[in-house]
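*Asks:* So that we are looking at the same thing, I have put the structure below in structure tokens.
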Amino acid sequence: MRKGYNIPIWSTFIVLLIVFDQLTKFMIVKSLEVGESVKVISNVIYITSHRNQGAAWGILQGKMWLFYIVTVVVLVILFMFFKNEGYGQPVMQLGLSLLIAGSIGNFIDRLFRGEVVDFIDTYIFGYNFPIFNVADAALTIGVIVLIIVILFEGKEEKA
Ligand SMILES: CCC[C@@H]1OC(=O)[C@@H](C)C[C@H](C)CCCCC(=O)CCC[C@@H](CC)/C=C/C=C(\COC)CC[C@@H](O)[C@@H](O)C[C@H](O)CNC1=O
């Protein structure tokens with residue numbers, strides 16, 4: 001298990017994560033009007049049907065071609081990184097797989113809907129964090145995992 005790329009494991013993980021992301025978005029589109037909100041935990045988490053034609057925090061609204069290009073470039077970089085740096089590094093493979101799945105999840109929305117479906121509406125310490133989706137969560141967790149791997153690797157080299 002330690003050695004190699006575990007391609008079957010990570011391919012399955014990525015496909016399942018994308019399916020889960022698309023399934024949740026499909027359910028939101030089918031069951032809630034845009035703007036409609038359902039309380040999960042009062043003042044903490046709501047399911048609010050939202051659409052975003054931009055990137056995080058709604059930046060660059062409508063710039064779909066830019067997002068297509070950036071996403072393809074990001075995916076090429078991620079696959080190259082997986083091949084060149086991922087060998088025998090399961091935690092790095094996890095981080096990269098999360099980023100790949102998240103990127104593809106939002107890419108599918110942008111391609112077929114012209115916008116991204118968001119629904120996870122949270123209040124963190126009273127601040128209404130931008131409404132996001134499963135793909136965004138995967139991207140954010142993937143970034144955190146890679147930062148930890150890079151920091152940890154840096155420590156190992158110094159030791
Ligand atoms: C998560 C990256 C955003 C995601 O990038 C993607 O698709 C990638 C694959 C392609 C983009 C075209 C390019 C990324 C630009 C980088 C960026 O934007 C900096 C982000 C930092 C990040 C820390 C890692 C913050 C996090 C924020 C949010 C996520 O909270 C969990 C709020 C999400 C809500 O604004 C929601 O409306 C967003 C909507 O779903 C569309 N999503 C995207 O554009």
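We label chains A, B, ... in the order they appear in the structure tokens, count residues from 1 in each chain, and number ligands from 1 in the order shown.
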Enumerate, in order of chain and increasing residue number, the residues of chain A with an atom no farther than 6 Å from ligand 1, each with its shortest atom pair and distance in Å to one decimal, counting only C-alpha atoms and all ligand atoms, as a tab-separated table.

*Replies:*
```
residue	atom	partner	partner_atom_place_in_ligand_line	distance
A:Asn52	CA	ligand 1	37 (O)	5.3
A:Ala55	CA	ligand 1	44 (O)	3.2
A:Ala56	CA	ligand 1	35 (O)	3.4
A:Trp57	CA	ligand 1	35 (O)	3.7
A:Gly58	CA	ligand 1	35 (O)	5.4
A:Phe67	CA	ligand 1	12 (C)	4.1
A:Val70	CA	ligand 1	12 (C)	5.7
A:Thr71	CA	ligand 1	10 (C)	5.0
A:Ser103	CA	ligand 1	9 (C)	3.7
A:Asn106	CA	ligand 1	7 (O)	5.0
A:Val116	CA	ligand 1	40 (O)	5.5
A:Asp118	CA	ligand 1	40 (O)	5.5
A:Pro130	CA	ligand 1	34 (C)	5.0
A:Ile131	CA	ligand 1	34 (C)	5.4
A:Phe132	CA	ligand 1	36 (C)	4.3
A:Asn133	CA	ligand 1	40 (O)	5.7
A:Asp136	CA	ligand 1	1 (C)	4.0
A:Ala137	CA	ligand 1	31 (C)	4.5
A:Leu139	CA	ligand 1	1 (C)	5.1
A:Thr140	CA	ligand 1	24 (C)	3.9
A:Val143	CA	ligand 1	24 (C)	5.6
```

*Asks:* Would you list the contacts of Tyr87 (chain A) as an MDAnalysis selection string, taking every protein, DNA or RNA residue within 12 Å and counting only C-alpha atoms, but skipping same-chain residues closer than 4 positions in sequence?

*Replies:* chainID A and resid 1:7 80:83 91:94

*Asks:* Rank A:Ile45, A:Arg110, A:Ser11, A:Gly102 by their smallest atom-to-atom distance to Ile69 (chain A), using only C-alpha atoms, and report the top residue only.

*Replies:* A:Arg110

*Asks:* Pick from A:Thr12, A:Gln22, A:Ser42, A:Ser37: nearest to Gly126 (chain A), with only C-alpha atoms counted?

*Replies:*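 Of A:Thr12, A:Gln22, A:Ser42, A:Ser37, the one nearest Gly126 (chain A), counting only C-alpha atoms, is A:Ser42.
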